[in-house]
file query.cif (mmCIF, C-alpha atoms)
data_final
#
loop_
_atom_site.label_atom_id
_atom_site.label_comp_id
_atom_site.auth_asym_id
_atom_site.auth_seq_id
_atom_site.Cartn_x
_atom_site.Cartn_y
_atom_site.Cartn_z
CA MET W 21 2.10 -10.99 -2.93
CA ARG W 22 3.55 -9.69 -6.21
CA THR W 23 4.25 -6.28 -4.70
CA ARG W 24 6.41 -5.04 -7.56
CA TYR W 25 3.57 -5.29 -10.08
CA ILE W 26 0.93 -4.03 -7.66
CA SER W 27 3.07 -0.99 -6.94
CA ILE W 28 3.43 -0.37 -10.69
CA PHE W 29 -0.37 -0.42 -10.96
CA ILE W 30 -0.71 2.13 -8.12
CA LEU W 31 1.82 4.35 -9.88
CA PHE W 32 -0.22 4.07 -13.09
CA LEU W 33 -3.32 5.21 -11.19
CA ILE W 34 -1.53 8.21 -9.71
CA VAL W 35 -0.11 9.28 -13.07
CA ALA W 36 -3.39 8.69 -14.89
CA LYS W 37 -5.46 10.56 -12.29
CA ASN W 38 -3.19 13.57 -12.47
CA SER W 39 -3.23 13.52 -16.28
CA PHE W 40 -7.00 13.43 -16.83
CA ALA W 41 -7.44 17.21 -16.56
CA GLN W 42 -5.61 17.74 -19.83
CA THR W 43 -8.67 16.62 -21.86
CA ASP W 44 -11.28 19.12 -20.65
CA SER W 45 -11.18 21.40 -23.69
CA VAL W 46 -12.31 18.77 -26.21
CA LEU W 47 -15.70 17.68 -24.84
CA PRO W 48 -18.08 18.96 -22.16
CA LYS W 49 -16.26 18.86 -18.83
CA TYR W 50 -17.58 15.76 -17.08
CA ARG W 51 -18.30 13.81 -20.24
CA SER W 52 -14.68 14.04 -21.34
CA ARG W 53 -13.45 13.13 -17.88
CA LYS W 54 -15.68 10.06 -17.69
CA ILE W 55 -14.53 8.87 -21.10
CA VAL W 56 -10.86 9.28 -20.23
CA LEU W 57 -11.29 7.72 -16.78
CA ALA W 58 -13.17 4.68 -18.10
CA THR W 59 -10.75 4.17 -20.98
CA SER W 60 -7.62 4.64 -18.88
CA SER W 61 -8.86 2.36 -16.10
CA ALA W 62 -9.77 -0.40 -18.56
CA VAL W 63 -6.48 -0.17 -20.46
CA LEU W 64 -4.29 0.01 -17.36
CA THR W 65 -6.10 -2.80 -15.57
CA THR W 66 -6.17 -5.15 -18.57
CA GLY W 67 -2.65 -4.27 -19.64
CA SER W 68 -1.10 -4.73 -16.20
CA LEU W 69 -2.85 -8.08 -15.65
CA PHE W 70 -1.70 -9.28 -19.08
CA TYR W 71 1.85 -8.15 -18.30
CA LEU W 72 1.74 -9.78 -14.87
CA ASN W 73 0.55 -13.06 -16.35
CA ASN W 74 3.30 -13.15 -18.98
CA ALA W 75 6.13 -11.72 -16.90
CA TRP W 76 5.48 -13.71 -13.73
CA TYR W 77 3.06 -16.63 -13.99
CA ALA W 78 4.37 -17.88 -17.33
CA GLN W 79 7.47 -19.09 -15.46
CA TYR W 80 5.40 -21.59 -13.50
CA ASN W 81 3.13 -24.48 -14.38
CA THR W 82 -0.60 -23.96 -14.05
CA GLY W 83 -3.08 -26.50 -12.76
CA LYS W 84 -6.43 -26.79 -11.04
CA PHE W 85 -7.60 -23.97 -8.82
CA HIS W 86 -6.36 -24.53 -5.27
CA PHE W 87 -5.89 -22.69 -1.97
CA PHE W 88 -2.69 -21.87 -0.11
CA ASN W 89 -2.35 -20.87 3.56
CA ASP W 90 0.47 -18.37 4.00
CA ASN W 91 -0.91 -16.66 7.10
CA ASP W 92 2.13 -17.54 9.22
CA GLU W 93 4.67 -15.95 6.87
CA TRP W 94 6.68 -12.75 7.38
CA LEU W 95 5.02 -12.08 10.76
CA GLN W 96 2.03 -10.86 8.72
CA MET W 97 3.94 -7.96 7.14
CA ASP W 98 2.77 -9.15 3.72
CA LYS W 99 -0.82 -9.00 4.98
CA ALA W 100 -0.29 -5.41 6.10
CA GLY W 101 0.93 -4.75 2.57
CA HIS W 102 -2.33 -6.10 1.13
CA VAL W 103 -4.42 -3.88 3.41
CA PHE W 104 -2.30 -0.85 2.50
CA THR W 105 -2.38 -1.51 -1.26
CA ASN W 106 -6.15 -1.95 -1.43
CA TYR W 107 -6.75 1.10 0.74
CA GLN W 108 -4.64 3.26 -1.56
CA MET W 109 -6.26 1.90 -4.72
CA SER W 110 -9.73 2.61 -3.35
CA ARG W 111 -8.76 6.08 -2.14
CA LEU W 112 -7.23 7.10 -5.45
CA MET W 113 -10.00 5.67 -7.61
CA MET W 114 -12.76 7.24 -5.52
CA GLY W 115 -10.97 10.55 -5.96
CA ALA W 116 -10.80 9.98 -9.70
CA PHE W 117 -14.52 9.10 -9.88
CA ASN W 118 -15.37 12.22 -7.90
CA TRP W 119 -13.23 14.32 -10.27
CA ALA W 120 -15.05 12.78 -13.25
CA GLY W 121 -18.44 13.80 -11.86
CA PHE W 122 -19.87 10.37 -11.06
CA SER W 123 -22.63 10.06 -8.47
CA GLU W 124 -21.79 9.32 -4.85
CA LYS W 125 -23.02 5.73 -5.15
CA LYS W 126 -20.95 5.03 -8.26
CA LYS W 127 -17.93 6.63 -6.66
CA LEU W 128 -18.23 4.37 -3.62
CA PHE W 129 -19.37 1.08 -5.11
CA ILE W 130 -17.57 1.17 -8.46
CA GLY W 131 -14.61 3.46 -7.92
CA GLY W 132 -14.01 2.14 -4.43
CA THR W 133 -14.02 -1.52 -5.44
CA ILE W 134 -12.02 -1.43 -8.69
CA GLY W 135 -8.82 -2.06 -6.74
CA LEU W 136 -10.40 -4.97 -4.87
CA GLY W 137 -11.50 -6.51 -8.17
CA TYR W 138 -8.00 -6.13 -9.53
CA MET W 139 -6.37 -7.72 -6.49
CA THR W 140 -8.92 -10.52 -6.45
CA ALA W 141 -8.01 -11.26 -10.06
CA VAL W 142 -4.37 -11.51 -9.02
CA GLU W 143 -5.33 -13.89 -6.20
CA CYS W 144 -7.26 -16.04 -8.68
CA MET W 145 -4.20 -16.18 -10.92
CA ASP W 146 -2.30 -17.36 -7.84
CA GLY W 147 -4.98 -20.01 -7.37
CA PHE W 148 -4.20 -21.58 -10.74
CA SER W 149 -0.43 -21.40 -10.28
CA ASN W 150 1.47 -24.41 -8.95
CA GLY W 151 3.90 -22.00 -7.31
CA TRP W 152 1.25 -20.58 -4.99
CA GLY W 153 -2.49 -20.79 -4.47
CA PHE W 154 -5.44 -18.60 -3.61
CA SER W 155 -4.78 -17.12 -0.16
CA VAL W 156 -7.91 -16.52 1.88
CA GLY W 157 -5.84 -14.44 4.31
CA ASP W 158 -4.65 -12.19 1.50
CA GLU W 159 -8.18 -11.74 0.17
CA LEU W 160 -9.56 -10.87 3.61
CA CYS W 161 -6.86 -8.20 3.92
CA ASN W 162 -7.78 -6.92 0.46
CA VAL W 163 -11.38 -6.53 1.62
CA LEU W 164 -10.26 -4.85 4.86
CA GLY W 165 -8.22 -2.21 3.03
CA THR W 166 -11.02 -1.46 0.59
CA SER W 167 -13.59 -1.30 3.40
CA LEU W 168 -11.49 1.16 5.39
CA ALA W 169 -11.40 3.59 2.48
CA ILE W 170 -15.03 3.22 1.39
CA SER W 171 -16.56 3.37 4.87
CA GLN W 172 -14.79 6.63 5.72
CA GLU W 173 -15.82 8.20 2.42
CA ALA W 174 -19.42 7.07 2.98
CA PHE W 175 -19.78 8.29 6.58
CA TRP W 176 -17.38 11.25 6.76
CA HIS W 177 -16.72 12.18 3.11
CA GLU W 178 -13.02 12.28 3.96
CA GLN W 179 -10.21 10.00 5.09
CA ARG W 180 -9.72 10.70 8.77
CA ILE W 181 -7.81 7.45 9.33
CA GLN W 182 -5.18 6.81 6.68
CA LEU W 183 -2.74 4.02 5.93
CA LYS W 184 0.82 5.06 5.17
CA PHE W 185 4.18 3.50 4.41
CA SER W 186 7.82 4.13 5.29
CA TYR W 187 11.06 2.37 4.41
CA ALA W 188 14.64 2.17 5.68
CA GLN W 189 17.17 -0.44 4.52
CA SER W 190 17.43 -3.31 6.99
CA GLY W 191 20.83 -4.72 6.03
CA LEU W 192 19.35 -8.22 5.92
CA ALA W 193 18.63 -8.50 2.18
CA GLN W 194 22.25 -9.44 1.49
CA TYR W 195 21.74 -12.74 3.31
CA ASN W 196 18.87 -13.89 1.07
CA PRO W 197 18.81 -11.57 -1.98
CA GLU W 198 16.67 -13.93 -4.07
CA ILE W 199 13.79 -13.44 -1.65
CA LEU W 200 14.54 -10.05 -0.08
CA GLY W 201 15.81 -8.24 -3.17
CA LYS W 202 19.14 -7.73 -4.90
CA SER W 203 18.96 -3.98 -5.49
CA PHE W 204 17.63 -0.94 -3.67
CA GLY W 205 14.59 -0.81 -5.95
CA THR W 206 13.59 -4.44 -5.38
CA GLN W 207 14.35 -4.33 -1.65
CA ILE W 208 11.80 -1.54 -1.15
CA LEU W 209 9.12 -3.97 -2.34
CA LYS W 210 10.47 -7.34 -1.16
CA ASP W 211 12.37 -6.81 2.10
CA TYR W 212 9.66 -6.87 4.75
CA ASN W 213 12.31 -6.18 7.42
CA ALA W 214 12.71 -2.70 5.97
CA GLN W 215 9.05 -1.72 5.74
CA THR W 216 6.78 -0.03 8.28
CA TYR W 217 3.04 0.38 7.86
CA TRP W 218 1.23 3.17 9.69
CA LEU W 219 -2.27 3.93 10.86
CA SER W 220 -2.31 7.74 10.71
CA ILE W 221 -5.20 9.40 12.55
CA ASN W 222 -6.24 13.05 12.22
CA PRO W 223 -7.43 14.31 15.66
CA SER W 224 -8.81 17.65 14.45
CA SER W 225 -11.38 15.92 12.24
CA PHE W 226 -12.92 14.22 15.30
CA ILE W 227 -13.43 17.38 17.37
CA LYS W 228 -15.37 20.59 16.87
CA LYS W 229 -14.69 22.54 13.68
CA ASP W 230 -13.56 25.64 15.56
CA ASN W 231 -10.77 23.84 17.42
CA LYS W 232 -7.21 25.21 17.33
CA PHE W 233 -5.58 21.82 16.89
CA PRO W 234 -3.46 21.89 13.68
CA LYS W 235 -5.61 20.38 10.94
CA TRP W 236 -2.59 18.86 9.21
CA LEU W 237 -1.15 17.11 12.31
CA ASN W 238 -1.77 13.37 12.73
CA PHE W 239 -0.99 10.76 15.36
CA ALA W 240 0.57 7.67 13.78
CA PHE W 241 0.71 4.07 15.04
CA GLY W 242 3.16 1.84 13.18
CA TYR W 243 3.88 -1.85 12.74
CA SER W 244 7.00 -3.56 11.41
CA ALA W 245 8.95 -6.77 11.90
CA TYR W 246 12.65 -7.62 11.87
CA GLY W 247 15.01 -10.58 11.72
CA MET W 248 13.17 -12.40 8.93
CA ILE W 249 15.57 -14.12 6.53
CA GLY W 250 12.84 -16.48 5.30
CA GLY W 251 9.05 -16.51 5.16
CA SER W 252 7.96 -18.68 8.10
CA PHE W 253 11.34 -19.22 9.80
CA ASN W 254 15.05 -18.61 9.29
CA SER W 255 15.90 -21.91 7.65
CA PHE W 256 19.64 -21.52 7.12
CA VAL W 257 22.71 -20.27 8.97
CA VAL W 258 23.68 -16.65 8.31
CA GLN W 259 27.37 -15.79 8.33
CA ASP W 260 29.28 -12.54 7.92
CA VAL W 261 32.28 -12.08 5.61
CA ASP W 262 34.60 -13.49 8.28
CA GLY W 263 32.53 -16.65 8.70
CA ASN W 264 31.05 -15.68 12.05
CA VAL W 265 27.54 -17.03 12.62
CA LEU W 266 24.93 -14.28 12.93
CA LYS W 267 21.72 -14.91 14.81
CA TYR W 268 18.60 -12.90 14.06
CA ASP W 269 15.54 -13.29 16.24
CA ARG W 270 12.27 -12.66 14.47
CA GLU W 271 10.37 -9.95 16.32
CA ARG W 272 7.40 -7.64 15.93
CA ARG W 273 7.85 -3.91 16.45
CA TYR W 274 5.25 -1.27 17.28
CA TYR W 275 5.61 2.50 17.02
CA PHE W 276 4.05 5.77 18.03
CA SER W 277 4.92 8.91 16.11
CA LEU W 278 3.60 12.16 14.66
CA ASP W 279 2.65 12.56 11.01
CA VAL W 280 1.53 15.20 8.51
CA ASP W 281 -1.64 14.86 6.45
CA MET W 282 -0.41 16.53 3.28
CA THR W 283 -3.94 16.81 1.87
CA ARG W 284 -4.92 19.18 4.71
CA ILE W 285 -2.18 21.71 4.02
CA ASN W 286 -3.75 24.88 2.63
CA THR W 287 -2.47 25.84 -0.80
CA LYS W 288 -4.00 27.56 -3.81
CA SER W 289 -1.71 25.71 -6.21
CA LYS W 290 -3.45 22.89 -8.08
CA VAL W 291 -0.07 21.36 -8.88
CA LEU W 292 0.92 21.25 -5.21
CA LYS W 293 -2.45 19.73 -4.29
CA LYS W 294 -1.84 16.91 -6.76
CA ILE W 295 1.69 16.38 -5.48
CA PHE W 296 0.51 16.38 -1.84
CA THR W 297 -2.23 13.84 -2.68
CA ALA W 298 0.26 11.55 -4.41
CA ILE W 299 2.97 11.60 -1.72
CA ASN W 300 0.48 11.35 1.15
CA ILE W 301 0.87 7.57 0.95
CA LEU W 302 4.25 8.07 2.70
CA LYS W 303 4.68 8.63 6.43
CA PHE W 304 6.26 12.02 7.14
CA PRO W 305 9.66 11.65 8.90
CA ALA W 306 9.29 12.52 12.59
CA PRO W 307 10.43 11.44 16.09
CA ALA W 308 9.09 8.03 17.12
CA ILE W 309 9.02 5.56 20.00
CA GLN W 310 9.49 1.87 19.21
CA PHE W 311 8.13 -0.92 21.40
CA SER W 312 9.26 -4.53 20.94
CA LYS W 313 9.45 -7.69 23.00
CA ASN W 314 12.76 -6.94 24.67
CA LYS W 315 13.22 -3.17 24.52
CA THR W 316 11.87 0.32 23.99
CA ARG W 317 13.77 2.65 21.68
CA PHE W 318 13.46 6.35 20.83
CA TYR W 319 14.23 7.71 17.35
CA TYR W 320 14.96 11.38 16.83
CA LEU W 321 13.78 10.92 13.26
CA TYR W 322 12.04 7.80 11.96
CA TYR W 323 11.42 7.33 8.24
#
call {"tool": "encode", "arguments": {"input": "query.cif", "output": "structure tokens"}}
result
Amino acid sequence: MRTRYISIFILFLIVAKNSFAQTDSVLPKYRSRKIVLATSSAVLTTGSLFYLNNAWYAQYNTGKFHFFNDNDEWLQMDKAGHVFTNYQMSRLMMGAFNWAGFSEKKKLFIGGTIGLGYMTAVECMDGFSNGWGFSVGDELCNVLGTSLAISQEAFWHEQRIQLKFSYAQSGLAQYNPEILGKSFGTQILKDYNAQTYWLSINPSSFIKKDNKFPKWLNFAFGYSAYGMIGGSFNSFVVQDVDGNVLKYDRERRYYFSLDVDMTRINTKSKVLKKIFTAINILKFPAPAIQFSKNKTRFYYLYY
């Protein structure tokens, strides 16, 4: 998954969505918003795909469309990334369509699926590249992420179950920097050992409206993996600076923690609401319990 370019596209969406309101004085309210939303979406989508094709795929030969099975790689952390990315794209674009005054159906079936269309286009570009191929596993995860966002908006008109992300340097990127990243910025996107994906559930939204449970408090269930120097297996010997052989066992890790739904914090400030919406993709630092194959560990603060 070309996470660096996908993340750039998500950033574009956040910036564009928060910039649309500047145009309201020129044309009637919703007409101006629809024009800006349609134009911005088309330009950003086309431009980012063009950039992706020239900056990434141009390095590799192209051939006939073919498939590639990468389902066993990275202990499925890359698949979690696909679910997360599509969920966030759908969530943000449905919010933008709602802001622009589109009907509920258009918000769900057009706004909600723009991200899926974009990611499917990326998968198709993979399909023609000799370096990769179209991954059915990736595409199924794309659909899952989009479905999670759309279904909640359709049935509840809110996101009661959210996908979030957290990151902490793993220390493993130095042993395979070409794959795991050479700098802090690239490691955030490429080092799957350092990433955690969260399913953040809001309990108050599932019980009676007059409950005293804090509306902003979520329960979060996380997944990460560690010890991965290569995609499917650790194919070479890792040594420290003194030449000592280091052994890393690939393992899955599961977490339980608390979280904050920033969008449910009451504030009259429109600026703060936009900021809270944007940063709500990140898991709020909090105590956590980690479960893995060989041990259970408690963190006073996990981020």
call {"tool": "atom_distance", "arguments": {"input": "query.cif", "atom1": "atom CA of W:Phe175", "atom2": "atom CA of W:Arg284"}}
result
18.5 Å
call {"tool": "resolve_selection", "arguments": {"input": "query.cif", "expression": "the PyMOL selection byres ((chain W and resi 276) around 9)", "output": "number ranges by chain"}}
result
W: 239-242, 274-275, 277-278, 307-311
call {"tool": "resolve_selection", "arguments": {"input": "query.cif", "expression": "the PyMOL selection byres ((chain W and resi 107-110) around 7)", "output": "ChimeraX atom specification"}}
result
/W:30,103-106,111-114,131-133,135,165-166,168-169
call {"tool": "write_last_selection", "arguments": {"input": "query.cif", "atoms": "C-alpha atoms", "output": "mmCIF file, in the frame of the given file"}}
result
data_model
loop_
_atom_site.group_PDB
_atom_site.id
_atom_site.type_symbol
_atom_site.label_atom_id
_atom_site.label_comp_id
_atom_site.auth_asym_id
_atom_site.auth_seq_id
_atom_site.Cartn_x
_atom_site.Cartn_y
_atom_site.Cartn_z
ATOM 1 C CA ILE W 30 -0.710 2.130 -8.120
ATOM 2 C CA VAL W 103 -4.420 -3.880 3.410
ATOM 3 C CA PHE W 104 -2.300 -0.850 2.500
ATOM 4 C CA THR W 105 -2.380 -1.510 -1.260
ATOM 5 C CA ASN W 106 -6.150 -1.950 -1.430
ATOM 6 C CA ARG W 111 -8.760 6.080 -2.140
ATOM 7 C CA LEU W 112 -7.230 7.100 -5.450
ATOM 8 C CA MET W 113 -10.000 5.670 -7.610
ATOM 9 C CA MET W 114 -12.760 7.240 -5.520
ATOM 10 C CA GLY W 131 -14.610 3.460 -7.920
ATOM 11 C CA GLY W 132 -14.010 2.140 -4.430
ATOM 12 C CA THR W 133 -14.020 -1.520 -5.440
ATOM 13 C CA GLY W 135 -8.820 -2.060 -6.740
ATOM 14 C CA GLY W 165 -8.220 -2.210 3.030
ATOM 15 C CA THR W 166 -11.020 -1.460 0.590
ATOM 16 C CA LEU W 168 -11.490 1.160 5.390
ATOM 17 C CA ALA W 169 -11.400 3.590 2.480
#
call {"tool": "closest_residue", "arguments": {"input": "query.cif", "among": "W:Trp176, W:Phe117, W:Phe204, W:Phe87", "to": "W:Gly147", "atoms": "all atoms listed in the file"}}
result
W:Phe87
call {"tool": "resolve_selection", "arguments": {"input": "query.cif", "expression": "the PyMOL selection byres ((chain W and resi 193) around 9)", "output": "number ranges by chain"}}
result
W: 189-192, 194-203, 207, 210-211, 213, 249
call {"tool": "residues_around", "arguments": {"input": "query.cif", "residues": "stretch 88-99 of chain W", "least_positions_apart": "3", "cutoff": "6 Å", "atoms": "only C-alpha atoms", "output": "MDAnalysis selection string"}}
result
chainID W and resid 102 153:155 251:252
call {"tool": "atom_distance", "arguments": {"input": "query.cif", "atom1": "atom CA of W:Ile181", "atom2": "atom CA of W:Pro305"}}
result
18.0 Å
call {"tool": "atom_distance", "arguments": {"input": "query.cif", "atom1": "atom CA of W:Tyr246", "atom2": "atom CA of W:Ile221"}}
result
24.7 Å
call {"tool": "closest_residue", "arguments": {"input": "query.cif", "among": "W:Val265, W:Leu136, W:Leu292, W:Ala120", "to": "W:Ser167", "atoms": "all atoms listed in the file"}}
result
W:Leu136
call {"tool": "closest_residue", "arguments": {"input": "query.cif", "among": "W:Gln215, W:Ser60, W:Ser224, W:Thr287", "to": "W:Met248", "atoms": "only C-alpha atoms"}}
result
W:Gln215
call {"tool": "closest_residue", "arguments": {"input": "query.cif", "among": "W:Asn254, W:Thr140, W:Ser61, W:Thr82", "to": "W:Asn162", "atoms": "all atoms listed in the file"}}
result
W:Thr140
call {"tool": "closest_residue", "arguments": {"input": "query.cif", "among": "W:Tyr319, W:Asn231, W:Tyr212, W:Thr66", "to": "W:Gly250", "atoms": "only C-alpha atoms"}}
result
W:Tyr212
call {"tool": "residues_near_point", "arguments": {"input": "query.cif", "point": "(6.3, 0.9, 10.2)", "cutoff": "9 Å", "atoms": "all atoms listed in the file", "output": "list in words"}}
result
Lys184, Phe185, Ser186, Tyr187, Ala214, Gln215, Thr216, Tyr217, Trp218, Phe241, Gly242, Tyr243, Ser244, Ala245, Arg273, Tyr274, Tyr275, Lys303 and Tyr323 of chain W
call {"tool": "closest_residue", "arguments": {"input": "query.cif", "among": "W:Tyr50, W:Tyr138, W:Phe296, W:Phe122", "to": "W:Ala62", "atoms": "all atoms listed in the file"}}
result
W:Tyr138
call {"tool": "axis_aligned_box", "arguments": {"input": "query.cif", "around": "stretch 55-71 of chain W", "padding_each_side": "5 Å", "output": "JSON"}}
result
{"center_x": -6.3, "center_y": 0.0, "center_z": -18.3, "size_x": 26.4, "size_y": 28.6, "size_z": 15.5}
call {"tool": "decode", "arguments": {"input": "query.cif", "residues": "stretch 261-279 of chain W", "atoms": "N, CA and C atoms", "output": "tab-separated table (two decimals), in the first residue's frame"}}
result
chain	number	residue	atom	x	y	z
W	261	VAL	N	25.45	-2.86	16.74
W	261	VAL	CA	26.70	-2.20	16.35
W	261	VAL	C	27.93	-3.00	16.76
W	262	ASP	N	27.78	-3.89	17.74
W	262	ASP	CA	28.89	-4.71	18.21
W	262	ASP	C	28.96	-6.06	17.50
W	263	GLY	N	28.05	-6.29	16.56
W	263	GLY	CA	28.05	-7.53	15.82
W	263	GLY	C	27.25	-8.64	16.46
W	264	ASN	N	26.58	-8.36	17.56
W	264	ASN	CA	25.78	-9.38	18.22
W	264	ASN	C	24.50	-9.63	17.43
W	265	VAL	N	24.13	-10.89	17.27
W	265	VAL	CA	22.93	-11.25	16.52
W	265	VAL	C	21.69	-10.97	17.37
W	266	LEU	N	20.75	-10.24	16.79
W	266	LEU	CA	19.51	-9.91	17.47
W	266	LEU	C	18.37	-10.73	16.86
W	267	LYS	N	17.57	-11.33	17.72
W	267	LYS	CA	16.46	-12.13	17.23
W	267	LYS	C	15.15	-11.46	17.58
W	268	TYR	N	14.32	-11.26	16.58
W	268	TYR	CA	13.01	-10.65	16.79
W	268	TYR	C	11.93	-11.64	16.34
W	269	ASP	N	11.09	-12.01	17.28
W	269	ASP	CA	9.97	-12.90	16.97
W	269	ASP	C	8.78	-12.05	16.53
W	270	ARG	N	8.20	-12.42	15.42
W	270	ARG	CA	7.04	-11.70	14.91
W	270	ARG	C	5.82	-12.07	15.76
W	271	GLU	N	5.16	-11.07	16.30
W	271	GLU	CA	4.01	-11.35	17.18
W	271	GLU	C	2.92	-10.31	17.00
W	272	ARG	N	1.69	-10.77	17.23
W	272	ARG	CA	0.52	-9.89	17.23
W	272	ARG	C	0.31	-9.37	18.65
W	273	ARG	N	-0.19	-8.13	18.74
W	273	ARG	CA	-0.47	-7.54	20.04
W	273	ARG	C	-1.87	-6.94	20.04
W	274	TYR	N	-2.58	-7.14	21.15
W	274	TYR	CA	-3.95	-6.64	21.28
W	274	TYR	C	-4.02	-5.74	22.53
W	275	TYR	N	-4.88	-4.74	22.48
W	275	TYR	CA	-4.92	-3.74	23.54
W	275	TYR	C	-6.35	-3.41	23.95
W	276	PHE	N	-6.46	-3.01	25.20
W	276	PHE	CA	-7.69	-2.36	25.67
W	276	PHE	C	-7.29	-1.06	26.34
W	277	SER	N	-8.01	0.02	26.02
W	277	SER	CA	-7.68	1.32	26.57
W	277	SER	C	-8.92	2.20	26.58
W	278	LEU	N	-8.78	3.39	27.12
W	278	LEU	CA	-9.82	4.41	27.05
W	278	LEU	C	-9.45	5.42	25.96
W	279	ASP	N	-10.45	6.13	25.46
W	279	ASP	CA	-10.22	7.08	24.38
W	279	ASP	C	-11.17	8.26	24.55
